[in-house]
>>> print(open('data.cif').read())   # mmCIF, C-alpha atoms
data_structure
#
loop_
_atom_site.label_atom_id
_atom_site.label_comp_id
_atom_site.auth_asym_id
_atom_site.auth_seq_id
_atom_site.Cartn_x
_atom_site.Cartn_y
_atom_site.Cartn_z
CA MET A 50 -65.28 -0.37 16.75
CA ALA A 51 -62.54 -1.59 14.48
CA LEU A 52 -64.08 0.35 11.59
CA MET A 53 -64.15 3.56 13.64
CA ASP A 54 -60.49 3.07 14.63
CA PHE A 55 -59.65 2.64 10.96
CA ILE A 56 -61.48 5.85 10.04
CA LYS A 57 -59.74 7.81 12.81
CA LYS A 58 -56.29 6.76 11.68
CA GLN A 59 -54.25 9.26 9.73
CA PHE A 60 -52.64 8.06 6.56
CA ILE A 61 -49.48 9.46 5.04
CA ASP A 62 -49.64 10.32 1.35
CA ILE A 63 -46.55 12.58 1.03
CA ILE A 64 -43.13 11.68 2.42
CA GLN A 65 -40.35 14.27 2.09
CA TRP A 66 -37.66 16.15 4.03
CA THR A 67 -36.69 19.79 3.79
CA GLU A 68 -33.49 20.51 5.70
CA SER A 69 -33.96 23.38 8.11
CA GLY A 70 -30.26 24.05 8.66
CA ASP A 71 -26.72 22.74 8.40
CA GLY A 72 -25.14 19.83 10.20
CA THR A 73 -27.88 17.16 9.99
CA LEU A 74 -26.74 13.84 8.54
CA ALA A 75 -29.75 11.60 9.22
CA TRP A 76 -33.42 12.34 9.99
CA ARG A 77 -36.27 9.94 10.69
CA PHE A 78 -39.63 10.79 9.17
CA PRO A 79 -42.15 11.19 12.05
CA MET A 80 -44.56 8.28 11.75
CA ALA A 81 -46.13 8.18 15.24
CA GLU A 82 -49.23 5.99 14.83
CA MET A 83 -49.68 6.89 11.20
CA GLU A 84 -49.42 4.48 8.29
CA ILE A 85 -48.36 4.88 4.67
CA GLN A 86 -51.15 4.40 2.18
CA ASN A 87 -50.98 2.78 -1.20
CA GLY A 88 -49.82 5.17 -3.90
CA ALA A 89 -48.22 7.64 -1.48
CA SER A 90 -45.69 10.06 -2.94
CA LEU A 91 -42.04 9.95 -1.91
CA THR A 92 -39.89 12.99 -2.77
CA VAL A 93 -36.11 12.70 -2.43
CA ARG A 94 -34.31 15.92 -3.23
CA GLU A 95 -30.84 16.36 -4.66
CA SER A 96 -28.15 15.64 -2.06
CA GLN A 97 -30.53 13.26 -0.24
CA VAL A 98 -31.10 9.54 0.08
CA ALA A 99 -34.19 7.87 1.59
CA VAL A 100 -34.10 4.46 3.25
CA PHE A 101 -37.09 2.28 4.19
CA VAL A 102 -36.52 0.08 7.24
CA ASN A 103 -38.88 -2.77 8.09
CA GLU A 104 -38.71 -4.11 11.65
CA GLY A 105 -35.07 -3.10 11.98
CA GLN A 106 -34.01 -4.47 8.59
CA VAL A 107 -33.01 -2.10 5.79
CA ALA A 108 -35.30 -2.59 2.80
CA ASP A 109 -35.40 -0.19 -0.15
CA VAL A 110 -33.01 2.71 -0.79
CA PHE A 111 -34.08 5.67 -2.94
CA GLY A 112 -31.86 8.28 -4.59
CA PRO A 113 -33.02 11.75 -5.76
CA GLY A 114 -36.40 11.75 -7.54
CA MET A 115 -40.17 11.43 -7.06
CA TYR A 116 -41.66 7.98 -6.50
CA LYS A 117 -45.16 6.54 -6.23
CA LEU A 118 -45.00 3.82 -3.62
CA SER A 119 -46.21 0.46 -4.88
CA THR A 120 -45.01 -3.12 -5.13
CA GLN A 121 -42.95 -2.09 -8.15
CA THR A 122 -41.10 0.72 -6.37
CA LEU A 123 -40.77 -1.22 -3.09
CA PRO A 124 -39.51 -4.64 -4.21
CA VAL A 125 -37.50 -5.42 -1.08
CA LEU A 126 -40.25 -4.28 1.27
CA THR A 127 -42.75 -6.26 -0.76
CA TYR A 128 -40.63 -9.36 -0.29
CA LEU A 129 -40.12 -8.76 3.43
CA LYS A 130 -43.85 -8.24 4.05
CA ASN A 131 -44.81 -11.18 1.83
CA TRP A 132 -46.94 -9.10 -0.48
CA ASP A 133 -47.58 -11.55 -3.25
CA LYS A 134 -50.10 -10.08 -5.59
CA LEU A 135 -52.05 -7.60 -3.55
CA PHE A 136 -50.51 -4.49 -2.07
CA GLU A 137 -51.47 -4.40 1.60
CA SER A 138 -52.53 -0.83 2.30
CA PRO A 139 -51.98 0.97 4.51
CA PHE A 140 -48.66 -0.29 5.86
CA LYS A 141 -46.06 0.75 8.43
CA SER A 142 -42.38 1.28 7.79
CA ASP A 143 -39.67 3.52 9.20
CA VAL A 144 -38.35 6.02 6.68
CA TYR A 145 -34.95 7.70 7.15
CA PHE A 146 -33.54 10.55 5.10
CA PHE A 147 -29.78 11.09 4.79
CA SER A 148 -28.00 14.23 3.62
CA THR A 149 -25.33 13.42 1.05
CA ARG A 150 -23.99 16.94 0.53
CA GLN A 151 -20.46 17.82 1.56
CA GLN A 152 -19.85 18.73 5.16
CA VAL A 153 -17.04 21.26 4.75
CA ASP A 154 -14.44 22.92 6.98
CA GLN A 155 -14.37 20.18 9.60
CA LYS A 156 -11.44 20.77 11.95
CA TRP A 157 -8.89 18.22 13.06
CA GLY A 158 -5.82 18.61 15.23
CA THR A 159 -3.60 16.99 17.84
CA PRO A 160 -4.72 18.12 21.32
CA GLN A 161 -1.46 16.72 22.68
CA PRO A 162 1.84 16.03 20.84
CA ILE A 163 1.78 12.59 19.26
CA THR A 164 4.80 10.30 19.01
CA ILE A 165 5.94 9.06 15.61
CA ARG A 166 9.01 7.24 14.36
CA ASP A 167 11.47 9.01 12.07
CA LYS A 168 14.47 7.49 10.29
CA ASP A 169 16.72 10.42 11.25
CA PHE A 170 15.67 11.11 14.85
CA GLY A 171 14.01 7.90 16.01
CA ALA A 172 10.94 8.63 18.18
CA VAL A 173 9.84 12.26 17.93
CA ARG A 174 6.72 14.21 18.89
CA LEU A 175 4.74 16.64 16.79
CA ARG A 176 1.59 18.75 16.69
CA ALA A 177 -0.43 19.25 13.53
CA PHE A 178 -3.82 20.60 12.52
CA GLY A 179 -5.92 21.23 9.43
CA ASN A 180 -9.43 20.70 8.06
CA TYR A 181 -11.31 18.18 5.93
CA SER A 182 -14.64 17.66 4.18
CA PHE A 183 -16.78 14.54 3.84
CA ARG A 184 -20.18 13.27 2.80
CA ILE A 185 -22.30 10.16 3.37
CA GLY A 186 -21.27 7.73 0.64
CA ASP A 187 -23.27 4.64 1.67
CA ALA A 188 -26.50 5.53 3.49
CA LYS A 189 -27.39 1.90 4.20
CA LEU A 190 -24.01 1.20 5.81
CA PHE A 191 -24.07 4.49 7.72
CA HIS A 192 -27.50 3.61 9.12
CA THR A 193 -26.49 0.15 10.28
CA GLU A 194 -23.06 1.15 11.61
CA ILE A 195 -23.57 4.67 12.99
CA SER A 196 -26.91 6.47 13.10
CA GLY A 197 -29.27 3.56 13.83
CA THR A 198 -32.82 4.38 14.99
CA ARG A 199 -32.13 7.87 16.33
CA ASP A 200 -34.55 10.59 15.29
CA THR A 201 -31.67 12.85 14.25
CA TYR A 202 -27.95 12.29 13.78
CA THR A 203 -25.70 15.34 13.31
CA VAL A 204 -22.18 16.21 12.22
CA ALA A 205 -21.38 17.09 15.84
CA ASP A 206 -22.33 13.55 16.89
CA LEU A 207 -19.84 12.12 14.40
CA ASP A 208 -17.05 14.65 14.95
CA GLY A 209 -15.21 12.79 17.71
CA GLN A 210 -15.18 9.51 15.77
CA LEU A 211 -13.71 11.09 12.64
CA ARG A 212 -11.10 13.09 14.57
CA GLY A 213 -10.02 9.89 16.27
CA LEU A 214 -9.56 8.18 12.91
CA VAL A 215 -7.42 11.08 11.67
CA LEU A 216 -5.13 11.03 14.70
CA GLN A 217 -4.89 7.24 14.63
CA ASN A 218 -3.55 7.27 11.07
CA ILE A 219 -1.10 10.20 11.21
CA SER A 220 1.90 8.02 12.08
CA ASN A 221 1.24 5.61 9.20
CA ALA A 222 0.71 8.53 6.83
CA ILE A 223 4.08 10.10 7.71
CA ALA A 224 5.83 6.74 7.35
CA SER A 225 4.25 6.07 3.94
CA SER A 226 4.90 9.60 2.64
CA GLY A 227 8.67 9.13 2.79
CA VAL A 228 9.09 12.78 3.80
CA PRO A 229 11.82 13.32 6.45
CA PHE A 230 10.44 14.74 9.66
CA LEU A 231 12.29 18.07 9.38
CA ASP A 232 10.87 18.56 5.86
CA LEU A 233 7.23 17.98 6.81
CA ALA A 234 6.50 21.68 7.27
CA ALA A 235 7.64 22.38 3.70
CA ASN A 236 5.76 19.38 2.21
CA GLN A 237 2.30 19.77 3.71
CA ILE A 238 0.52 18.89 0.45
CA GLN A 239 2.42 15.61 0.17
CA PHE A 240 1.72 14.90 3.83
CA ALA A 241 -2.01 15.58 3.29
CA GLN A 242 -2.10 13.24 0.29
CA ALA A 243 -0.50 10.46 2.30
CA LEU A 244 -2.95 11.07 5.15
CA ALA A 245 -5.91 10.95 2.76
CA ALA A 246 -4.70 7.63 1.33
CA GLN A 247 -4.75 6.19 4.86
CA LEU A 248 -8.14 7.64 5.79
CA VAL A 249 -10.26 6.90 2.70
CA PRO A 250 -10.67 3.16 3.44
CA GLU A 251 -11.15 3.84 7.18
CA PHE A 252 -13.97 6.33 6.51
CA ALA A 253 -15.54 3.98 3.97
CA LYS A 254 -15.98 1.31 6.67
CA ILE A 255 -18.70 3.44 8.28
CA GLY A 256 -20.31 4.68 5.06
CA ILE A 257 -18.42 8.01 4.89
CA LYS A 258 -16.64 9.32 1.81
CA LEU A 259 -13.64 11.58 2.48
CA GLU A 260 -13.68 14.37 -0.10
CA ASN A 261 -10.64 16.40 0.93
CA ILE A 262 -8.17 16.92 3.75
CA THR A 263 -5.57 19.63 4.29
CA VAL A 264 -2.61 20.02 6.63
CA GLN A 265 -2.38 23.68 7.60
CA ASN A 266 0.44 23.50 10.13
CA VAL A 267 3.05 21.08 11.50
CA SER A 268 4.70 22.21 14.74
CA LEU A 269 8.08 20.77 15.67
CA PRO A 270 9.10 20.19 19.29
CA GLU A 271 11.35 22.91 20.72
CA GLU A 272 14.51 20.79 20.66
CA LEU A 273 14.00 19.82 17.02
CA GLN A 274 13.08 23.37 16.11
CA LYS A 275 16.55 24.40 17.31
CA ILE A 276 18.11 21.73 15.07
CA LEU A 277 16.07 23.00 12.14
CA ASP A 278 17.22 26.56 12.83
CA GLN A 279 20.83 25.37 12.86
CA LYS A 280 20.28 23.53 9.58
CA ILE A 281 18.94 26.73 8.04
CA GLY A 282 21.96 28.62 9.39
CA MET A 283 24.33 26.06 7.85
CA GLY A 284 22.57 26.49 4.52
CA MET A 285 23.07 30.24 4.72
CA VAL A 286 26.86 29.82 4.94
CA GLY A 287 27.14 27.04 2.36
CA ASN A 288 27.46 24.20 4.90
CA ASP A 289 30.93 25.49 5.91
CA MET A 290 31.43 24.52 9.56
CA GLY A 291 34.03 27.24 10.17
CA LYS A 292 31.79 29.95 8.82
CA PHE A 293 28.86 28.49 10.71
CA MET A 294 30.75 28.78 14.00
CA GLN A 295 31.58 32.39 13.15
CA TYR A 296 27.89 32.95 12.41
CA GLN A 297 27.02 31.45 15.79
CA THR A 298 29.63 33.72 17.41
CA ALA A 299 28.01 36.79 15.88
CA GLN A 300 24.64 35.66 17.18
CA ALA A 301 26.06 35.24 20.70
CA ILE A 302 27.49 38.79 21.04
CA PRO A 303 24.13 40.52 21.68
CA LYS A 304 23.23 37.90 24.30
CA PHE A 305 26.47 38.50 26.22
CA ALA A 306 25.95 42.25 26.01
CA GLU A 307 22.39 41.89 27.29
CA GLY A 308 23.60 39.78 30.19
CA ALA A 309 26.21 42.38 31.07
CA ALA A 310 23.68 45.20 30.95
CA ASN A 311 21.36 43.32 33.30
CA GLY A 312 24.26 42.37 35.60
CA GLY A 313 22.99 38.86 35.95
CA GLY A 314 24.42 35.41 35.30
CA ILE A 315 27.91 34.30 34.41
CA ALA A 316 28.09 36.52 31.35
CA GLY A 317 27.09 39.56 33.38
CA ASP A 318 29.68 38.85 36.06
CA ALA A 319 32.43 38.33 33.48
CA MET A 320 31.59 41.55 31.70
CA GLY A 321 31.51 43.37 35.02
CA LEU A 322 35.07 42.23 35.79
CA GLY A 323 36.37 43.32 32.39
CA ALA A 324 36.76 39.81 31.04
CA GLY A 325 33.74 40.44 28.85
CA VAL A 326 35.68 43.12 26.98
CA ALA A 327 38.34 40.63 25.98
CA LEU A 328 35.67 38.13 25.08
CA GLY A 329 33.96 40.68 22.89
CA GLN A 330 37.26 41.41 21.15
CA VAL A 331 37.88 37.73 20.47
CA LEU A 332 34.37 37.29 19.15
CA ALA A 333 34.73 40.35 16.95
CA GLN A 334 38.05 39.07 15.58
CA ASN A 335 36.47 35.72 14.75
CA LEU A 336 33.61 37.47 13.01
CA ALA A 337 35.98 39.71 11.06
CA GLN A 338 37.96 36.67 9.94
CA GLY A 339 34.78 35.03 8.76
CA LEU A 340 33.80 38.11 6.74
CA SER A 341 37.23 38.33 5.04
CA PRO A 342 37.63 35.79 2.17
CA ASN A 343 41.42 35.44 2.68
CA ALA A 344 41.34 35.75 6.45
CA ALA A 345 42.16 32.10 7.16
CA ALA A 346 45.18 32.08 4.83
CA GLN A 347 46.47 35.37 6.18
CA ALA A 348 46.17 34.18 9.78
CA ALA A 349 48.05 30.95 9.00
CA ALA A 350 50.83 32.83 7.22
CA THR A 351 51.18 35.22 10.15
CA GLN A 352 51.51 32.35 12.60
CA GLN A 353 54.23 30.67 10.47
CA GLN A 354 56.41 33.81 10.11
CA PRO A 355 59.09 34.03 12.89
CA ALA A 356 59.22 37.17 14.96
CA VAL A 357 62.08 39.57 14.09
CA ALA A 358 63.83 40.78 17.27
CA VAL A 359 65.06 44.40 17.43
CA VAL A 360 68.39 44.63 19.48
CA ASN A 361 69.58 47.83 21.15
CA PRO A 362 73.47 48.15 20.97
CA ASN A 363 73.58 49.79 24.39
CA ASP A 364 71.83 46.76 25.88
CA VAL A 365 74.47 44.50 24.28
CA MET A 366 77.37 46.54 25.71
CA THR A 367 75.79 46.55 29.17
CA THR A 368 75.40 42.80 29.03
CA LEU A 369 79.04 42.33 27.95
CA GLU A 370 80.26 44.47 30.88
CA LYS A 371 78.28 42.33 33.33
CA LEU A 372 79.65 39.15 31.74
CA GLY A 373 83.22 40.57 32.08
CA GLU A 374 82.69 41.16 35.81
CA LEU A 375 81.48 37.57 36.19
CA LYS A 376 84.64 36.32 34.41
CA THR A 377 86.88 38.48 36.65
CA LYS A 378 85.24 37.02 39.75
CA GLY A 379 85.83 33.51 38.36
CA ILE A 380 82.17 32.72 37.94
CA LEU A 381 82.57 32.38 34.15
CA THR A 382 85.49 30.75 32.35
CA GLN A 383 87.26 32.40 29.45
CA GLU A 384 85.62 29.96 27.01
CA GLU A 385 82.11 30.65 28.34
CA PHE A 386 82.75 34.40 28.18
CA ASP A 387 84.01 34.21 24.58
CA ALA A 388 81.00 32.10 23.47
CA LYS A 389 78.48 34.47 24.99
CA LYS A 390 80.30 37.51 23.60
CA ALA A 391 80.26 36.05 20.09
CA GLU A 392 76.47 35.34 20.40
CA LEU A 393 75.75 38.92 21.44
CA LEU A 394 77.90 40.48 18.77
CA LYS A 395 76.04 38.50 16.06
CA LYS A 396 72.83 40.28 17.06
CA LEU A 397 74.41 43.60 16.18
CA VAL A 398 75.25 42.50 12.65
#
>>> encode(input="data.cif", output="structure tokens")
Amino acid sequence: MALMDFIKKQFIDIIQWTESGDGTLAWRFPMAEMEIQNGASLTVRESQVAVFVNEGQVADVFGPGMYKLSTQTLPVLTYLKNWDKLFESPFKSDVYFFSTRQQVDQKWGTPQPITIRDKDFGAVRLRAFGNYSFRIGDAKLFHTEISGTRDTYTVADLDGQLRGLVLQNISNAIASSGVPFLDLAANQIQFAQALAAQLVPEFAKIGIKLENITVQNVSLPEELQKILDQKIGMGMVGNDMGKFMQYQTAQAIPKFAEGAANGGGIAGDAMGLGAGVALGQVLAQNLAQGLSPNAAAQAAATQQQPAVAVVNPNDVMTTLEKLGELKTKGILTQEEFDAKKAELLKKLV
């Protein structure tokens, strides 16, 4: 009966894996009740690694090539199975294939704004996204730490773990990059390099080699975006605060006009009462002063010059007659009348 069972058994003489599609990282060769016979052929293609596992313990690891299985090509398995001189055939062993080609265009991003510390603004929140590529760098470590005894392990199965590692290390990457928060959007390559430096050792802990990572966008919170816009505006006017305020004034005019047209809000009410007209004139004057290079000096000189009064002689004579009547009635003394008369006569000179 034992002989008949032996004859009925199927023996494996060719072990290989042809990938049927993208996204598979690990695949277990289907053994079922079959056994590997002495001298069987193992084919490992380029971008593959094969691992023999005996009773849960990783034995021999094979890179690309064709192998004839024997005690010479299976030294670790030979030791584990206590094959001294004779090769025990057939034998059983789990065989796993791993794809070592690059897994490209893997997406990462912050589903919610994350909080980081910045030297200029303290605690701030940002959103960022990009892509990265990786490959299996250590098949033995990846098997023991990640894929285990599963029949198939895919990129989709690993995606959440790798995304978590990226998000976990963003704060440290920004801190180590030395790039101010407001300059991150203009220094995405430097940010990506700092992020890669943080992630390479983290990926290596699970047998993954990070090949490349990019930062495609960094989104600032709304309040900091306004600060950035103001900083750009200051740069446009040469960091001159006076000119910047005039620039802000020019930007405000259309908003007041829009409010007036819609008849809503404080601006609309003011414009409806006519106060908006005066406001528009003031804003226009400020803008005109900002556009004129010598406007500030001219305005200061105008304020310093005293106003020249124009006196009508008839008005002076009328005033003197009224003062004379007051003197006649005794309301003014002769001295007060003479002093006031002298003051009025000087205006005619």
>>> atom_distance(input="data.cif", atom1="atom CA of Gly112 of chain A", atom2="atom CA of Phe252 of chain A")
21.1 Å
>>> closest_residue(input="data.cif", among="A:Ala205, A:Ala235, A:Val153, A:Ala241", to="Glu260 of chain A", atoms="all atoms listed in the file")
A:Val153
>>> resolve_selection(input="data.cif", expression="the PyMOL selection byres ((chain A and resi 74) around 10)", output="PDB file with C-alpha atoms, keeping the file's coordinate frame")
ATOM      1  CA  GLU A  68     -33.490  20.510   5.700  1.00  0.00           C
ATOM      2  CA  ASP A  71     -26.720  22.740   8.400  1.00  0.00           C
ATOM      3  CA  GLY A  72     -25.140  19.830  10.200  1.00  0.00           C
ATOM      4  CA  THR A  73     -27.880  17.160   9.990  1.00  0.00           C
ATOM      5  CA  ALA A  75     -29.750  11.600   9.220  1.00  0.00           C
ATOM      6  CA  TRP A  76     -33.420  12.340   9.990  1.00  0.00           C
ATOM      7  CA  GLN A  97     -30.530  13.260  -0.240  1.00  0.00           C
ATOM      8  CA  PHE A 146     -33.540  10.550   5.100  1.00  0.00           C
ATOM      9  CA  PHE A 147     -29.780  11.090   4.790  1.00  0.00           C
ATOM     10  CA  SER A 148     -28.000  14.230   3.620  1.00  0.00           C
ATOM     11  CA  THR A 149     -25.330  13.420   1.050  1.00  0.00           C
ATOM     12  CA  ARG A 150     -23.990  16.940   0.530  1.00  0.00           C
ATOM     13  CA  GLN A 152     -19.850  18.730   5.160  1.00  0.00           C
ATOM     14  CA  ARG A 184     -20.180  13.270   2.800  1.00  0.00           C
ATOM     15  CA  ILE A 185     -22.300  10.160   3.370  1.00  0.00           C
ATOM     16  CA  ALA A 188     -26.500   5.530   3.490  1.00  0.00           C
ATOM     17  CA  PHE A 191     -24.070   4.490   7.720  1.00  0.00           C
ATOM     18  CA  SER A 196     -26.910   6.470  13.100  1.00  0.00           C
ATOM     19  CA  THR A 201     -31.670  12.850  14.250  1.00  0.00           C
ATOM     20  CA  TYR A 202     -27.950  12.290  13.780  1.00  0.00           C
ATOM     21  CA  THR A 203     -25.700  15.340  13.310  1.00  0.00           C
ATOM     22  CA  VAL A 204     -22.180  16.210  12.220  1.00  0.00           C
ATOM     23  CA  ALA A 205     -21.380  17.090  15.840  1.00  0.00           C
ATOM     24  CA  ASP A 206     -22.330  13.550  16.890  1.00  0.00           C
ATOM     25  CA  LEU A 207     -19.840  12.120  14.400  1.00  0.00           C
TER      26      LEU A 207
END
>>> closest_residue(input="data.cif", among="A:Ala99, A:Val264, A:Ile276, A:Ala246", to="Gly179 of chain A", atoms="all atoms listed in the file")
A:Val264
>>> closest_residue(input="data.cif", among="A:Thr198, A:Pro139, A:Gly171, A:Ile165", to="Phe101 of chain A", atoms="all atoms listed in the file")
A:Thr198
>>> decode(input="data.cif", residues="segment 239-248 of chain A", atoms="all heavy atoms", output="PDB file, in the first residue's frame")
ATOM      1  N   GLN A 239      13.991  70.062  -2.398  1.00  0.00           N
ATOM      2  CA  GLN A 239      14.722  69.965  -1.131  1.00  0.00           C
ATOM      3  C   GLN A 239      13.877  69.279  -0.065  1.00  0.00           C
ATOM      4  O   GLN A 239      14.383  68.477   0.739  1.00  0.00           O
ATOM      5  CB  GLN A 239      15.139  71.361  -0.669  1.00  0.00           C
ATOM      6  CG  GLN A 239      16.080  71.363   0.534  1.00  0.00           C
ATOM      7  CD  GLN A 239      16.557  72.761   0.881  1.00  0.00           C
ATOM      8  OE1 GLN A 239      16.337  73.704   0.120  1.00  0.00           O
ATOM      9  NE2 GLN A 239      17.218  72.903   2.018  1.00  0.00           N
ATOM     10  N   PHE A 240      12.594  69.580  -0.043  1.00  0.00           N
ATOM     11  CA  PHE A 240      11.682  68.932   0.893  1.00  0.00           C
ATOM     12  C   PHE A 240      11.631  67.430   0.627  1.00  0.00           C
ATOM     13  O   PHE A 240      11.672  66.614   1.553  1.00  0.00           O
ATOM     14  CB  PHE A 240      10.293  69.569   0.761  1.00  0.00           C
ATOM     15  CG  PHE A 240       9.243  68.975   1.659  1.00  0.00           C
ATOM     16  CD1 PHE A 240       9.573  68.304   2.822  1.00  0.00           C
ATOM     17  CD2 PHE A 240       7.899  69.094   1.329  1.00  0.00           C
ATOM     18  CE1 PHE A 240       8.595  67.764   3.651  1.00  0.00           C
ATOM     19  CE2 PHE A 240       6.917  68.557   2.145  1.00  0.00           C
ATOM     20  CZ  PHE A 240       7.274  67.886   3.301  1.00  0.00           C
ATOM     21  N   ALA A 241      11.545  67.039  -0.654  1.00  0.00           N
ATOM     22  CA  ALA A 241      11.493  65.618  -1.015  1.00  0.00           C
ATOM     23  C   ALA A 241      12.778  64.897  -0.613  1.00  0.00           C
ATOM     24  O   ALA A 241      12.741  63.747  -0.147  1.00  0.00           O
ATOM     25  CB  ALA A 241      11.243  65.469  -2.514  1.00  0.00           C
ATOM     26  N   GLN A 242      13.920  65.557  -0.782  1.00  0.00           N
ATOM     27  CA  GLN A 242      15.188  64.940  -0.394  1.00  0.00           C
ATOM     28  C   GLN A 242      15.251  64.709   1.118  1.00  0.00           C
ATOM     29  O   GLN A 242      15.725  63.659   1.575  1.00  0.00           O
ATOM     30  CB  GLN A 242      16.349  65.825  -0.850  1.00  0.00           C
ATOM     31  CG  GLN A 242      16.515  65.890  -2.362  1.00  0.00           C
ATOM     32  CD  GLN A 242      17.534  66.923  -2.809  1.00  0.00           C
ATOM     33  OE1 GLN A 242      17.944  67.801  -2.021  1.00  0.00           O
ATOM     34  NE2 GLN A 242      17.968  66.849  -4.056  1.00  0.00           N
ATOM     35  N   ALA A 243      14.775  65.680   1.872  1.00  0.00           N
ATOM     36  CA  ALA A 243      14.760  65.523   3.327  1.00  0.00           C
ATOM     37  C   ALA A 243      13.803  64.414   3.747  1.00  0.00           C
ATOM     38  O   ALA A 243      14.090  63.637   4.669  1.00  0.00           O
ATOM     39  CB  ALA A 243      14.366  66.845   3.989  1.00  0.00           C
ATOM     40  N   LEU A 244      12.665  64.314   3.047  1.00  0.00           N
ATOM     41  CA  LEU A 244      11.695  63.270   3.362  1.00  0.00           C
ATOM     42  C   LEU A 244      12.265  61.886   3.028  1.00  0.00           C
ATOM     43  O   LEU A 244      12.078  60.927   3.790  1.00  0.00           O
ATOM     44  CB  LEU A 244      10.404  63.517   2.580  1.00  0.00           C
ATOM     45  CG  LEU A 244       9.221  62.590   2.873  1.00  0.00           C
ATOM     46  CD1 LEU A 244       8.873  62.608   4.354  1.00  0.00           C
ATOM     47  CD2 LEU A 244       8.013  63.007   2.041  1.00  0.00           C
ATOM     48  N   ALA A 245      12.976  61.786   1.912  1.00  0.00           N
ATOM     49  CA  ALA A 245      13.591  60.511   1.533  1.00  0.00           C
ATOM     50  C   ALA A 245      14.628  60.076   2.563  1.00  0.00           C
ATOM     51  O   ALA A 245      14.721  58.888   2.906  1.00  0.00           O
ATOM     52  CB  ALA A 245      14.231  60.627   0.147  1.00  0.00           C
ATOM     53  N   ALA A 246      15.410  61.031   3.065  1.00  0.00           N
ATOM     54  CA  ALA A 246      16.433  60.703   4.066  1.00  0.00           C
ATOM     55  C   ALA A 246      15.795  60.128   5.333  1.00  0.00           C
ATOM     56  O   ALA A 246      16.376  59.252   5.991  1.00  0.00           O
ATOM     57  CB  ALA A 246      17.250  61.952   4.397  1.00  0.00           C
ATOM     58  N   GLN A 247      14.603  60.597   5.666  1.00  0.00           N
ATOM     59  CA  GLN A 247      13.901  60.071   6.836  1.00  0.00           C
ATOM     60  C   GLN A 247      13.295  58.698   6.564  1.00  0.00           C
ATOM     61  O   GLN A 247      13.244  57.839   7.453  1.00  0.00           O
ATOM     62  CB  GLN A 247      12.790  61.042   7.249  1.00  0.00           C
ATOM     63  CG  GLN A 247      13.273  62.387   7.756  1.00  0.00           C
ATOM     64  CD  GLN A 247      13.897  62.301   9.136  1.00  0.00           C
ATOM     65  OE1 GLN A 247      13.494  61.494   9.966  1.00  0.00           O
ATOM     66  NE2 GLN A 247      14.889  63.127   9.385  1.00  0.00           N
ATOM     67  N   LEU A 248      12.846  58.466   5.332  1.00  0.00           N
ATOM     68  CA  LEU A 248      12.091  57.253   5.031  1.00  0.00           C
ATOM     69  C   LEU A 248      12.958  56.051   4.683  1.00  0.00           C
ATOM     70  O   LEU A 248      12.542  54.907   4.911  1.00  0.00           O
ATOM     71  CB  LEU A 248      11.125  57.525   3.875  1.00  0.00           C
ATOM     72  CG  LEU A 248       9.951  58.458   4.175  1.00  0.00           C
ATOM     73  CD1 LEU A 248       9.156  58.739   2.911  1.00  0.00           C
ATOM     74  CD2 LEU A 248       9.042  57.842   5.221  1.00  0.00           C
TER      75      LEU A 248
END
